[in-house]
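*Asks:* Just one file: run22.pdb, with PDB, C-alpha atoms.
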ATOM      1  CA  MET T  24      95.127  80.003 112.664  1.00  0.00           C
ATOM      2  CA  PRO T  25      98.257  78.008 113.680  1.00  0.00           C
ATOM      3  CA  THR T  26     101.501  79.148 112.061  1.00  0.00           C
ATOM      4  CA  THR T  27     101.945  75.947 110.026  1.00  0.00           C
ATOM      5  CA  ASP T  28      98.412  76.211 108.641  1.00  0.00           C
ATOM      6  CA  LEU T  29      98.916  79.905 107.818  1.00  0.00           C
ATOM      7  CA  TRP T  30     102.105  78.993 105.931  1.00  0.00           C
ATOM      8  CA  ARG T  31     100.358  76.304 103.868  1.00  0.00           C
ATOM      9  CA  ASP T  32      97.414  78.616 103.255  1.00  0.00           C
ATOM     10  CA  LEU T  33      99.732  81.371 101.985  1.00  0.00           C
ATOM     11  CA  LEU T  34     101.585  78.990  99.664  1.00  0.00           C
ATOM     12  CA  GLY T  35      98.228  77.901  98.259  1.00  0.00           C
ATOM     13  CA  CYS T  36      97.331  81.523  97.521  1.00  0.00           C
ATOM     14  CA  LEU T  37     100.546  81.897  95.527  1.00  0.00           C
ATOM     15  CA  ASP T  38      99.618  78.975  93.274  1.00  0.00           C
ATOM     16  CA  LEU T  39      97.829  81.117  90.692  1.00  0.00           C
ATOM     17  CA  SER T  40      95.810  79.387  87.987  1.00  0.00           C
ATOM     18  CA  GLY T  41      96.145  80.608  84.415  1.00  0.00           C
ATOM     19  CA  THR T  42      92.841  81.073  82.613  1.00  0.00           C
ATOM     20  CA  ALA T  43      94.156  82.741  79.420  1.00  0.00           C
ATOM     21  CA  PRO T  44      97.377  84.419  78.250  1.00  0.00           C
ATOM     22  CA  GLY T  45      98.165  87.054  80.879  1.00  0.00           C
ATOM     23  CA  ALA T  46      95.105  86.135  82.959  1.00  0.00           C
ATOM     24  CA  PHE T  47      95.380  84.474  86.361  1.00  0.00           C
ATOM     25  CA  THR T  48      93.116  83.702  89.284  1.00  0.00           C
ATOM     26  CA  GLY T  49      94.181  83.479  92.908  1.00  0.00           C
ATOM     27  CA  ARG T  50      92.294  82.252  95.937  1.00  0.00           C
ATOM     28  CA  ASN T  51      92.322  84.166  99.196  1.00  0.00           C
ATOM     29  CA  GLN T  52      93.774  83.539 102.608  1.00  0.00           C
ATOM     30  CA  GLN T  53      91.413  82.036 105.157  1.00  0.00           C
ATOM     31  CA  LEU T  54      91.611  84.864 107.693  1.00  0.00           C
ATOM     32  CA  SER T  55      88.971  86.123 110.127  1.00  0.00           C
ATOM     33  CA  TYR T  56      89.108  89.617 108.666  1.00  0.00           C
ATOM     34  CA  HIS T  57      86.513  91.700 106.859  1.00  0.00           C
ATOM     35  CA  ARG T  58      88.726  92.524 103.862  1.00  0.00           C
ATOM     36  CA  LEU T  59      91.651  91.068 101.957  1.00  0.00           C
ATOM     37  CA  PHE T  60      95.087  91.560 103.464  1.00  0.00           C
ATOM     38  CA  GLY T  61      97.133  93.850 101.229  1.00  0.00           C
ATOM     39  CA  GLY T  62     100.157  91.603 101.610  1.00  0.00           C
ATOM     40  CA  GLN T  63      98.274  88.817  99.847  1.00  0.00           C
ATOM     41  CA  LEU T  64      97.571  91.099  96.887  1.00  0.00           C
ATOM     42  CA  LEU T  65     101.214  92.234  96.738  1.00  0.00           C
ATOM     43  CA  ALA T  66     102.391  88.631  96.767  1.00  0.00           C
ATOM     44  CA  GLN T  67      99.932  87.615  94.058  1.00  0.00           C
ATOM     45  CA  PHE T  68     100.958  90.627  91.948  1.00  0.00           C
ATOM     46  CA  ALA T  69     104.554  89.418  92.213  1.00  0.00           C
ATOM     47  CA  ARG T  70     103.585  85.885  91.196  1.00  0.00           C
ATOM     48  CA  ALA T  71     101.433  87.079  88.281  1.00  0.00           C
ATOM     49  CA  ALA T  72     104.327  89.187  86.983  1.00  0.00           C
ATOM     50  CA  SER T  73     106.803  86.310  87.243  1.00  0.00           C
ATOM     51  CA  LEU T  74     104.424  83.870  85.538  1.00  0.00           C
ATOM     52  CA  ALA T  75     103.602  86.291  82.719  1.00  0.00           C
ATOM     53  CA  CYS T  76     107.235  87.287  82.123  1.00  0.00           C
ATOM     54  CA  THR T  77     109.354  84.191  82.625  1.00  0.00           C
ATOM     55  CA  GLY T  78     113.117  84.376  82.740  1.00  0.00           C
ATOM     56  CA  LYS T  79     113.145  87.850  84.327  1.00  0.00           C
ATOM     57  CA  ASP T  80     113.418  88.967  87.944  1.00  0.00           C
ATOM     58  CA  LEU T  81     111.278  91.542  89.724  1.00  0.00           C
ATOM     59  CA  LYS T  82     112.929  94.946  89.980  1.00  0.00           C
ATOM     60  CA  SER T  83     110.117  97.054  91.418  1.00  0.00           C
ATOM     61  CA  LEU T  84     106.429  96.782  92.234  1.00  0.00           C
ATOM     62  CA  HIS T  85     104.230  99.867  92.714  1.00  0.00           C
ATOM     63  CA  ALA T  86     100.689  99.056  93.900  1.00  0.00           C
ATOM     64  CA  LEU T  87      97.531 101.092  94.502  1.00  0.00           C
ATOM     65  CA  PHE T  88      94.505  99.856  96.458  1.00  0.00           C
ATOM     66  CA  PRO T  89      91.418 101.840  95.362  1.00  0.00           C
ATOM     67  CA  ARG T  90      88.828  99.447  96.824  1.00  0.00           C
ATOM     68  CA  ALA T  91      88.806  96.919  99.643  1.00  0.00           C
ATOM     69  CA  GLY T  92      88.781  93.323  98.429  1.00  0.00           C
ATOM     70  CA  LEU T  93      86.326  90.693  99.640  1.00  0.00           C
ATOM     71  CA  PRO T  94      87.796  87.509 101.144  1.00  0.00           C
ATOM     72  CA  SER T  95      84.771  85.510  99.922  1.00  0.00           C
ATOM     73  CA  GLU T  96      85.585  85.971  96.214  1.00  0.00           C
ATOM     74  CA  PRO T  97      88.707  84.904  94.253  1.00  0.00           C
ATOM     75  CA  VAL T  98      90.812  87.648  92.700  1.00  0.00           C
ATOM     76  CA  ARG T  99      91.269  87.841  88.924  1.00  0.00           C
ATOM     77  CA  TYR T 100      94.547  89.286  87.635  1.00  0.00           C
ATOM     78  CA  GLN T 101      95.069  90.637  84.134  1.00  0.00           C
ATOM     79  CA  VAL T 102      98.665  91.305  83.099  1.00  0.00           C
ATOM     80  CA  GLU T 103      99.461  93.696  80.238  1.00  0.00           C
ATOM     81  CA  CYS T 104     102.999  93.863  78.947  1.00  0.00           C
ATOM     82  CA  HIS T 105     103.746  97.456  77.915  1.00  0.00           C
ATOM     83  CA  HIS T 106     107.224  96.564  76.733  1.00  0.00           C
ATOM     84  CA  ALA T 107     108.840  93.143  76.691  1.00  0.00           C
ATOM     85  CA  GLY T 108     112.404  94.142  75.840  1.00  0.00           C
ATOM     86  CA  SER T 109     115.423  91.925  76.243  1.00  0.00           C
ATOM     87  CA  THR T 110     116.474  93.383  79.598  1.00  0.00           C
ATOM     88  CA  PHE T 111     113.794  95.631  81.199  1.00  0.00           C
ATOM     89  CA  PRO T 112     110.188  94.481  80.642  1.00  0.00           C
ATOM     90  CA  THR T 113     107.425  96.737  81.991  1.00  0.00           C
ATOM     91  CA  LEU T 114     104.062  95.331  83.074  1.00  0.00           C
ATOM     92  CA  ALA T 115     100.704  96.654  84.272  1.00  0.00           C
ATOM     93  CA  ILE T 116      98.520  94.374  86.375  1.00  0.00           C
ATOM     94  CA  VAL T 117      94.892  94.889  87.374  1.00  0.00           C
ATOM     95  CA  ALA T 118      93.230  92.904  90.166  1.00  0.00           C
ATOM     96  CA  ARG T 119      89.446  92.606  89.942  1.00  0.00           C
ATOM     97  CA  GLN T 120      86.460  91.198  91.754  1.00  0.00           C
ATOM     98  CA  ALA T 121      82.773  91.539  90.926  1.00  0.00           C
ATOM     99  CA  ALA T 122      82.610  95.042  92.433  1.00  0.00           C
ATOM    100  CA  GLY T 123      85.368  96.240  90.094  1.00  0.00           C
ATOM    101  CA  VAL T 124      89.078  96.990  90.356  1.00  0.00           C
ATOM    102  CA  ILE T 125      90.421  96.372  93.857  1.00  0.00           C
ATOM    103  CA  ALA T 126      94.128  96.959  93.143  1.00  0.00           C
ATOM    104  CA  THR T 127      96.552  97.863  90.371  1.00  0.00           C
ATOM    105  CA  ALA T 128     100.291  97.427  90.012  1.00  0.00           C
ATOM    106  CA  ALA T 129     103.061  98.760  87.790  1.00  0.00           C
ATOM    107  CA  VAL T 130     105.898  96.261  87.666  1.00  0.00           C
ATOM    108  CA  SER T 131     109.434  96.551  86.350  1.00  0.00           C
ATOM    109  CA  MET T 132     111.352  93.370  85.531  1.00  0.00           C
ATOM    110  CA  HIS T 133     115.044  92.842  84.837  1.00  0.00           C
ATOM    111  CA  ALA T 134     117.165  90.169  83.179  1.00  0.00           C
ATOM    112  CA  ALA T 135     120.229  89.185  85.176  1.00  0.00           C
ATOM    113  CA  GLU T 136     123.385  90.920  83.960  1.00  0.00           C
ATOM    114  CA  ASP T 137     127.024  90.694  84.945  1.00  0.00           C
ATOM    115  CA  GLY T 138     128.942  93.835  85.787  1.00  0.00           C
ATOM    116  CA  PRO T 139     130.013  96.134  88.621  1.00  0.00           C
ATOM    117  CA  ALA T 140     127.429  97.341  91.145  1.00  0.00           C
ATOM    118  CA  HIS T 141     127.095 101.108  91.500  1.00  0.00           C
ATOM    119  CA  GLN T 142     124.252 101.381  94.000  1.00  0.00           C
ATOM    120  CA  ASP T 143     125.068 103.219  97.210  1.00  0.00           C
ATOM    121  CA  VAL T 144     123.257 101.252  99.908  1.00  0.00           C
ATOM    122  CA  LEU T 145     123.769 100.840 103.617  1.00  0.00           C
ATOM    123  CA  PRO T 146     125.749  97.743 104.614  1.00  0.00           C
ATOM    124  CA  VAL T 147     123.717  94.775 105.790  1.00  0.00           C
ATOM    125  CA  THR T 148     123.802  94.528 109.574  1.00  0.00           C
ATOM    126  CA  SER T 149     124.549  91.320 111.441  1.00  0.00           C
ATOM    127  CA  VAL T 150     121.717  88.932 112.244  1.00  0.00           C
ATOM    128  CA  PRO T 151     119.943  89.966 115.487  1.00  0.00           C
ATOM    129  CA  GLY T 152     120.273  87.478 118.314  1.00  0.00           C
ATOM    130  CA  GLU T 153     117.569  85.198 119.713  1.00  0.00           C
ATOM    131  CA  LYS T 154     116.406  87.868 122.172  1.00  0.00           C
ATOM    132  CA  TYR T 155     115.240  89.977 119.224  1.00  0.00           C
ATOM    133  CA  ARG T 156     112.692  87.455 117.988  1.00  0.00           C
ATOM    134  CA  VAL T 157     109.343  89.148 117.328  1.00  0.00           C
ATOM    135  CA  GLY T 158     105.945  87.728 116.529  1.00  0.00           C
ATOM    136  CA  LEU T 159     104.065  89.316 113.618  1.00  0.00           C
ATOM    137  CA  ASP T 160     100.579  87.835 113.441  1.00  0.00           C
ATOM    138  CA  LEU T 161     100.275  87.228 109.692  1.00  0.00           C
ATOM    139  CA  ILE T 162     103.917  86.346 108.976  1.00  0.00           C
ATOM    140  CA  PRO T 163     104.224  82.560 109.430  1.00  0.00           C
ATOM    141  CA  TRP T 164     108.017  82.383 109.666  1.00  0.00           C
ATOM    142  CA  GLU T 165     110.842  83.502 111.925  1.00  0.00           C
ATOM    143  CA  THR T 166     111.286  87.270 112.275  1.00  0.00           C
ATOM    144  CA  ARG T 167     113.705  89.329 114.349  1.00  0.00           C
ATOM    145  CA  SER T 168     114.049  93.056 114.897  1.00  0.00           C
ATOM    146  CA  ALA T 169     115.725  95.408 117.368  1.00  0.00           C
ATOM    147  CA  ALA T 170     112.803  97.832 117.033  1.00  0.00           C
ATOM    148  CA  ASP T 171     109.457  97.349 118.778  1.00  0.00           C
ATOM    149  CA  LEU T 172     106.568  98.613 116.651  1.00  0.00           C
ATOM    150  CA  ASP T 173     104.214  98.160 119.606  1.00  0.00           C
ATOM    151  CA  SER T 174     106.190 100.537 121.813  1.00  0.00           C
ATOM    152  CA  PRO T 175     104.595 103.946 122.547  1.00  0.00           C
ATOM    153  CA  GLY T 176     108.063 105.530 122.683  1.00  0.00           C
ATOM    154  CA  ALA T 177     109.176 107.797 119.831  1.00  0.00           C
ATOM    155  CA  GLY T 178     111.863 106.757 117.344  1.00  0.00           C
ATOM    156  CA  PRO T 179     112.915 107.189 113.716  1.00  0.00           C
ATOM    157  CA  PRO T 180     110.462 105.991 111.026  1.00  0.00           C
ATOM    158  CA  GLU T 181     112.720 103.081 110.096  1.00  0.00           C
ATOM    159  CA  LEU T 182     112.584  99.328 110.575  1.00  0.00           C
ATOM    160  CA  GLU T 183     115.149  96.617 109.918  1.00  0.00           C
ATOM    161  CA  LEU T 184     113.466  93.218 109.866  1.00  0.00           C
ATOM    162  CA  TRP T 185     115.392  89.946 109.553  1.00  0.00           C
ATOM    163  CA  MET T 186     113.378  86.988 108.277  1.00  0.00           C
ATOM    164  CA  ARG T 187     113.872  83.286 107.625  1.00  0.00           C
ATOM    165  CA  VAL T 188     111.136  81.327 105.867  1.00  0.00           C
ATOM    166  CA  PRO T 189     110.609  77.554 105.910  1.00  0.00           C
ATOM    167  CA  PRO T 190     111.936  75.624 102.885  1.00  0.00           C
ATOM    168  CA  ALA T 191     110.155  76.868  99.763  1.00  0.00           C
ATOM    169  CA  ASP T 192     110.621  77.240  96.015  1.00  0.00           C
ATOM    170  CA  PRO T 193     113.233  80.026  95.501  1.00  0.00           C
ATOM    171  CA  GLU T 194     110.957  81.499  92.808  1.00  0.00           C
ATOM    172  CA  LEU T 195     108.518  82.434  95.581  1.00  0.00           C
ATOM    173  CA  ALA T 196     111.074  84.642  97.379  1.00  0.00           C
ATOM    174  CA  PRO T 197     109.942  87.979  95.826  1.00  0.00           C
ATOM    175  CA  ALA T 198     106.288  87.211  96.541  1.00  0.00           C
ATOM    176  CA  LEU T 199     106.966  86.197 100.151  1.00  0.00           C
ATOM    177  CA  THR T 200     109.101  89.295 100.693  1.00  0.00           C
ATOM    178  CA  ALA T 201     106.425  91.574  99.235  1.00  0.00           C
ATOM    179  CA  TYR T 202     103.821  89.884 101.439  1.00  0.00           C
ATOM    180  CA  ALA T 203     105.788  90.586 104.612  1.00  0.00           C
ATOM    181  CA  THR T 204     106.376  94.276 103.862  1.00  0.00           C
ATOM    182  CA  ASP T 205     102.684  95.152 104.184  1.00  0.00           C
ATOM    183  CA  LEU T 206     102.430  94.216 107.857  1.00  0.00           C
ATOM    184  CA  THR T 207     104.884  96.784 109.218  1.00  0.00           C
ATOM    185  CA  LEU T 208     104.077  99.963 107.236  1.00  0.00           C
ATOM    186  CA  ILE T 209     101.683 101.615 109.691  1.00  0.00           C
ATOM    187  CA  GLY T 210     103.773 100.773 112.735  1.00  0.00           C
ATOM    188  CA  THR T 211     106.937 102.123 111.096  1.00  0.00           C
ATOM    189  CA  ALA T 212     105.222 105.356 110.016  1.00  0.00           C
ATOM    190  CA  LEU T 213     103.957 105.899 113.584  1.00  0.00           C
ATOM    191  CA  ARG T 214     107.345 105.509 115.277  1.00  0.00           C
ATOM    192  CA  PRO T 215     108.119 109.272 115.436  1.00  0.00           C
ATOM    193  CA  LEU T 216     104.877 109.841 117.414  1.00  0.00           C
ATOM    194  CA  ALA T 217     105.146 109.473 121.182  1.00  0.00           C
ATOM    195  CA  ASP T 218     102.427 107.660 123.140  1.00  0.00           C
ATOM    196  CA  VAL T 219     100.896 105.991 120.093  1.00  0.00           C
ATOM    197  CA  SER T 220     101.703 102.783 118.219  1.00  0.00           C
ATOM    198  CA  GLN T 221     100.156 100.356 115.777  1.00  0.00           C
ATOM    199  CA  ARG T 222      98.325  98.730 118.691  1.00  0.00           C
ATOM    200  CA  ASP T 223      96.090 101.814 118.815  1.00  0.00           C
ATOM    201  CA  SER T 224      94.709 101.202 115.324  1.00  0.00           C
ATOM    202  CA  GLY T 225      90.936 100.916 115.455  1.00  0.00           C
ATOM    203  CA  THR T 226      90.677 102.852 118.733  1.00  0.00           C
ATOM    204  CA  ALA T 227      92.811 106.016 118.645  1.00  0.00           C
ATOM    205  CA  PHE T 228      92.860 106.111 114.859  1.00  0.00           C
ATOM    206  CA  THR T 229      91.796 104.267 111.708  1.00  0.00           C
ATOM    207  CA  SER T 230      94.466 103.168 109.260  1.00  0.00           C
ATOM    208  CA  ALA T 231      94.730 101.686 105.783  1.00  0.00           C
ATOM    209  CA  VAL T 232      97.467 101.366 103.170  1.00  0.00           C
ATOM    210  CA  THR T 233      96.375 102.960  99.889  1.00  0.00           C
ATOM    211  CA  SER T 234      99.674 102.711  97.991  1.00  0.00           C
ATOM    212  CA  HIS T 235     102.762 100.570  98.383  1.00  0.00           C
ATOM    213  CA  THR T 236     106.133 100.336  96.624  1.00  0.00           C
ATOM    214  CA  VAL T 237     108.691  97.546  96.946  1.00  0.00           C
ATOM    215  CA  TRP T 238     112.157  97.596  95.366  1.00  0.00           C
ATOM    216  CA  PHE T 239     114.099  94.371  94.909  1.00  0.00           C
ATOM    217  CA  HIS T 240     117.897  94.724  95.021  1.00  0.00           C
TER
END
Once more with this new file: its structure as structure tokens, please.
*Replies:*
Amino acid sequence: MPTTDLWRDLLGCLDLSGTAPGAFTGRNQQLSYHRLFGGQLLAQFARAASLACTGKDLKSLHALFPRAGLPSEPVRYQVECHHAGSTFPTLAIVARQAAGVIATAAVSMHAAEDGPAHQDVLPVTSVPGEKYRVGLDLIPWETRSAADLDSPGAGPPELELWMRVPPADPELAPALTAYATDLTLIGTALRPLADVSQRDSGTAFTSAVTSHTVWFH
């Protein structure tokens, strides 16, 4: 699928329809793949949380994938608010298809607050130059990285990925970010192993992501 079509297709998947309070339905990406891409589910979890809890930002998303999803059937999302609160709402989201639960998510939200920042995080590095452009098949926007996840050479299990999306609604930023994080997990985890990379998936080994956590700072 051309990049522009993949971008439009992804935006369409993020346009969840509300069927009842806390209930949403999302269509699937049109990919030639036998199961749903986990990044799509992460992105739709993020959108369902934002739609069910307006006025708050995503703080963390912890997802489990107990069953492979079918691309031929829309996904139904049910959001349960465990605690609304004025500052830190907590949500549970279940994604279902006819076969049963295909994914679950625990989501923490946060209302914007003024005040000093106390988090100890590494400084943001400068933007990699043009020579560091990389192509990631299911990410339909510009990406750059100094690390090569296809390299068979050993390295630390870390990846810094710079991204720039086409013009889009700023409210979609958490969902688009969550979507992109699912495509680099296996390759990053394999970096310490010499003579093997994500390109060997399906031949030298079989891989799948069964749990995934994203923090939004």
*Asks:* Might you pull out every residue within 12 Å of range 229-231 of chain T, with all atoms listed in the file counted and same-chain residues fewer than 6 positions away left off, and present them as a list in words?
*Replies:*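 Those residues are Arg58, Leu59, Phe60, Gly61, Leu87, Phe88, Pro89, Arg90, Ala91, Asp205, Leu206, Thr207, Leu208, Ile209, Gly210, Ala212, Leu213, Ser220, Gln221, Arg222 and Asp223 of chain T.
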*Asks:* Could you write out as a compact mmCIF listing (two decimals) with C-alpha atoms, in the coordinates of the input the residues that the PyMOL selection byres ((chain T and resi 52) around 12) matches in the shown file?
*Replies:*
# COMPACT_ATOMS: atom_id res chain seq x y z
CA MET T 24 95.13 80.00 112.66
CA ASP T 28 98.41 76.21 108.64
CA LEU T 29 98.92 79.90 107.82
CA TRP T 30 102.10 78.99 105.93
CA ARG T 31 100.36 76.30 103.87
CA ASP T 32 97.41 78.62 103.26
CA LEU T 33 99.73 81.37 101.98
CA LEU T 34 101.58 78.99 99.66
CA GLY T 35 98.23 77.90 98.26
CA CYS T 36 97.33 81.52 97.52
CA LEU T 37 100.55 81.90 95.53
CA ASP T 38 99.62 78.97 93.27
CA GLY T 49 94.18 83.48 92.91
CA ARG T 50 92.29 82.25 95.94
CA ASN T 51 92.32 84.17 99.20
CA GLN T 53 91.41 82.04 105.16
CA LEU T 54 91.61 84.86 107.69
CA SER T 55 88.97 86.12 110.13
CA TYR T 56 89.11 89.62 108.67
CA HIS T 57 86.51 91.70 106.86
CA ARG T 58 88.73 92.52 103.86
CA LEU T 59 91.65 91.07 101.96
CA PHE T 60 95.09 91.56 103.46
CA GLY T 61 97.13 93.85 101.23
CA GLY T 62 100.16 91.60 101.61
CA GLN T 63 98.27 88.82 99.85
CA LEU T 64 97.57 91.10 96.89
CA ALA T 66 102.39 88.63 96.77
CA GLN T 67 99.93 87.62 94.06
CA GLY T 92 88.78 93.32 98.43
CA LEU T 93 86.33 90.69 99.64
CA PRO T 94 87.80 87.51 101.14
CA SER T 95 84.77 85.51 99.92
CA GLU T 96 85.58 85.97 96.21
CA PRO T 97 88.71 84.90 94.25
CA VAL T 98 90.81 87.65 92.70
CA LEU T 161 100.28 87.23 109.69
CA TYR T 202 103.82 89.88 101.44
*Asks:* Just checking: using all atoms listed in the file, which residue out of T:Arg167, T:Arg156, T:His133, T:Arg70 ends up closest to Leu39 in chain T?
*Replies:*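 Ranking T:Arg167, T:Arg156, T:His133, T:Arg70 by distance to Leu39 in chain T, first place goes to T:Arg70.
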*Asks:* Would you compute the distance between CA of Ala170 in chain T and CA of Val157 in chain T? Give it in Å to one decimal.
*Replies:*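 Answer for the CA of Ala170 in chain T to CA of Val157 in chain T separation: 9.4 Å.
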*Asks:* Determine the residue membership of the PyMOL selection byres ((chain T and resi 195) around 9) for the file above and supply it as JSON, numbers by chain.
*Replies:* {"T": [34, 37, 66, 69, 70, 191, 192, 193, 194, 196, 197, 198, 199, 200]}
*Asks:* So which residues fall inside 12 Å of (113.2, 91.6, 79.9) if we count only C-alpha atoms? Mind giving them as a ChimeraX atom specification?
*Replies:* /T:72-73,75-82,104-114,130-136
*Asks:* Take the selection from the previous step and output its residues with C-alpha atoms, as a PDB file, in the frame of the given file.
*Replies:*
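The new file out_35.pdb reads:
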ATOM      1  CA  ALA T  72     104.327  89.187  86.983  1.00  0.00           C
ATOM      2  CA  SER T  73     106.803  86.310  87.243  1.00  0.00           C
ATOM      3  CA  ALA T  75     103.602  86.291  82.719  1.00  0.00           C
ATOM      4  CA  CYS T  76     107.235  87.287  82.123  1.00  0.00           C
ATOM      5  CA  THR T  77     109.354  84.191  82.625  1.00  0.00           C
ATOM      6  CA  GLY T  78     113.117  84.376  82.740  1.00  0.00           C
ATOM      7  CA  LYS T  79     113.145  87.850  84.327  1.00  0.00           C
ATOM      8  CA  ASP T  80     113.418  88.967  87.944  1.00  0.00           C
ATOM      9  CA  LEU T  81     111.278  91.542  89.724  1.00  0.00           C
ATOM     10  CA  LYS T  82     112.929  94.946  89.980  1.00  0.00           C
ATOM     11  CA  CYS T 104     102.999  93.863  78.947  1.00  0.00           C
ATOM     12  CA  HIS T 105     103.746  97.456  77.915  1.00  0.00           C
ATOM     13  CA  HIS T 106     107.224  96.564  76.733  1.00  0.00           C
ATOM     14  CA  ALA T 107     108.840  93.143  76.691  1.00  0.00           C
ATOM     15  CA  GLY T 108     112.404  94.142  75.840  1.00  0.00           C
ATOM     16  CA  SER T 109     115.423  91.925  76.243  1.00  0.00           C
ATOM     17  CA  THR T 110     116.474  93.383  79.598  1.00  0.00           C
ATOM     18  CA  PHE T 111     113.794  95.631  81.199  1.00  0.00           C
ATOM     19  CA  PRO T 112     110.188  94.481  80.642  1.00  0.00           C
ATOM     20  CA  THR T 113     107.425  96.737  81.991  1.00  0.00           C
ATOM     21  CA  LEU T 114     104.062  95.331  83.074  1.00  0.00           C
ATOM     22  CA  VAL T 130     105.898  96.261  87.666  1.00  0.00           C
ATOM     23  CA  SER T 131     109.434  96.551  86.350  1.00  0.00           C
ATOM     24  CA  MET T 132     111.352  93.370  85.531  1.00  0.00           C
ATOM     25  CA  HIS T 133     115.044  92.842  84.837  1.00  0.00           C
ATOM     26  CA  ALA T 134     117.165  90.169  83.179  1.00  0.00           C
ATOM     27  CA  ALA T 135     120.229  89.185  85.176  1.00  0.00           C
ATOM     28  CA  GLU T 136     123.385  90.920  83.960  1.00  0.00           C
TER      29      GLU T 136
END
*Asks:* Any idea what the distance is between CA of Ser168 in chain T and CA of Pro151 in chain T?
*Replies:*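 Result for CA of Ser168 in chain T versus CA of Pro151 in chain T: 6.7 Å, one decimal.
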*Asks:* My list of candidates is T:Ala122, T:Val117, T:Val147, T:Val102. Which is closest to Trp185 in chain T when distances are computed with all atoms listed in the file?
*Replies:*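 Result for the nearest residue to Trp185 in chain T: T:Val147.
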*Asks:* Check which residues satisfy the PyMOL selection byres ((chain T and resi 234) around 6) in the file shown, then give them as a PyMOL selection string.
*Replies:* chain T and resi 86-87+232-233+235
*Asks:* Using only C-alpha atoms, find the one residue out of T:Thr127, T:Phe68, T:Leu74, T:Pro25 that sits nearest to Pro44 in chain T.
*Replies:*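 The answer is T:Leu74, which sits nearest to Pro44 in chain T.
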